[in-house]
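Student: Here you go, one structure.
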Amino acid sequence: MSAAEPFLEVDGIVRDYVLPRRRLLAPAPRLRALHGVDLAVGAGQSVAVVGESGCGKSTLARTVLALERPNAGRVRLLGRDLFALPPGELRAMRRHVQMVFQDPYGSLDPRRKVGWIVAEPLDALETVRDRGERRDRIAEALASVGLKAGDQEKFPHEFSGGQRQRIAIARALITRPELIVADEPVSALDVSVQAQVLNLLADLQERLGLSYLLISHDLAVVRHVAEEVAVMYLGRIVEQGPTSAVFADPLHPYTKALLEAVPRVGRARRRRATIAGEAPGLEPLAQDRLEVGCPFAPRCPLAEARCRAEAPALMPRDGDREAACHLA
């Protein structure tokens, strides 16, 4: 892989889900969860995907991990198309990318000791026959997240929520990956613990040269961790660019609305801004209405006739930023 080539490259990903038939002989409607998503993560870079619940963030994460096959598009890791690889080679590629899940209580098997949990990806993806080496790898992973080697003999219920998430991070590190996909990694934790886990992720990136794809709805977390941010709405990326620039001067009305809704210390007491209406449910996204106008137009205070008739493309704006808006 050349220095200029992204470590991870998502190119035109489309993902459809078949919905239940409304009538016995009627064709099954389809929900398009991802609409031609493009994304790149460079070596040692942190990229965040943000948006409301149901916008397609987690579907994108599962597709990047090759847990779901897209209907169109490619996912390239280290320059190789994951969905064009035979099963054996795809299995070997999984060592390079691991995931940290949202819930540290549900993602750890309560019947297993921590050592077994942390070593599970190692046992599944690599052949480490020497027991001493396996034990050393477990101790190394635990030490990297601030836990002791002796903790591998304990069960998950003996740890706090923040410690359990550290165990989950250690499990992700055991294969020594280059990329970690973190799906809401601190949303289930107390506020006092969130900063500790975020600082740990930052320290690991500095020490190990990790890349992160962070899935989050918490803009404060994104501001703290990510260098680049992609704002997603109904399966489309509507704005993308450096985090500092996007947060300081958002170009898309949806991004502006998300930032306005964030409470700030010292802000004069007033009613918090909200986004008008609600994101459409499954019915408006049936196959016959996929590409009619801008998806945000029904909720956008600036929408014009063109917005309702023509879907805007994600175009370069202001240097290294992109936005999908006719009025940006």
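Chain labels A, B, ... are given in the sequence in which chains occur in the structure tokens; within each chain residues are numbered consecutively from 1, and ligands are likewise numbered from 1 in the order shown.
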Pick out the residues sitting within 12 Å of A:Asp318, and hand them over as JSON, numbers by chain; count only C-alpha atoms, and ignore anything fewer than 2 positions along from it in its own chain.
Tutor: {"A": [239, 240, 241, 242, 245, 246, 249, 250, 251, 315, 316, 320, 321, 322, 323, 328]}
Student: Need to verify the contact set: A:Ala61, 10 Å, only C-alpha atoms, exclusion of same-chain residues closer than 5 positions in sequence. Can you return it as a PyMOL selection string?
Tutor: chain A and resi 49+56+66-68+99+181-183+213-215
Student: Quick one: of A:Leu60, A:Val10, A:Leu204, A:Ala48, who's nearest to A:Ala230, counting only C-alpha atoms?
Tutor: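 Residue with the minimum atom-to-atom distance to A:Ala230: A:Ala48.
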Student: Work out how far atom CA of A:Val14 is from atom CA of A:Arg308, in Å to one decimal.
Tutor: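 Separating atom CA of A:Arg308 from atom CA of A:Val14 is a distance of 22.1 Å.
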Student: Kindly indicate which residue among A:Val50, A:Val186, A:Ala303, A:Leu65 lies nearest to A:Leu259, using only C-alpha atoms for the distances.
Tutor: A:Val50
Student: Between A:Gly42, A:Gly146, A:Gly106, A:Gly161, which residue has the minimum interatomic distance to A:Gly209, considering only C-alpha atoms?
Tutor: A:Gly42
Student: Go through A:Pro295, A:Gly54, A:Pro104, A:Pro156 and flag the residue nearest A:Ile169, using only C-alpha atoms for the distances.
Tutor: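 Of A:Pro295, A:Gly54, A:Pro104, A:Pro156, the one nearest A:Ile169, counting only C-alpha atoms, is A:Pro104.
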Student: Using DSSP on the backbone coordinates, identify all residues within stretch 25-79 of chain A classified as alpha helix (DSSP H); present the result as JSON, numbers by chain.
Tutor: {"A": [57, 58, 59, 60, 61, 62, 63, 64]}
Student: Could you give me, as a PyMOL selection string, the residues within 10 Å of A:Ser53, counting only C-alpha atoms and dropping anything in the same chain fewer than 5 positions from it?
Tutor: chain A and resi 58+216-217+233-234+279
Student: Stretch 140-230 of chain A: which residues are strand (DSSP E or B) by DSSP, as a VMD selection string?
Tutor: chain A and resid 179 to 183 211 to 216 228 to 230
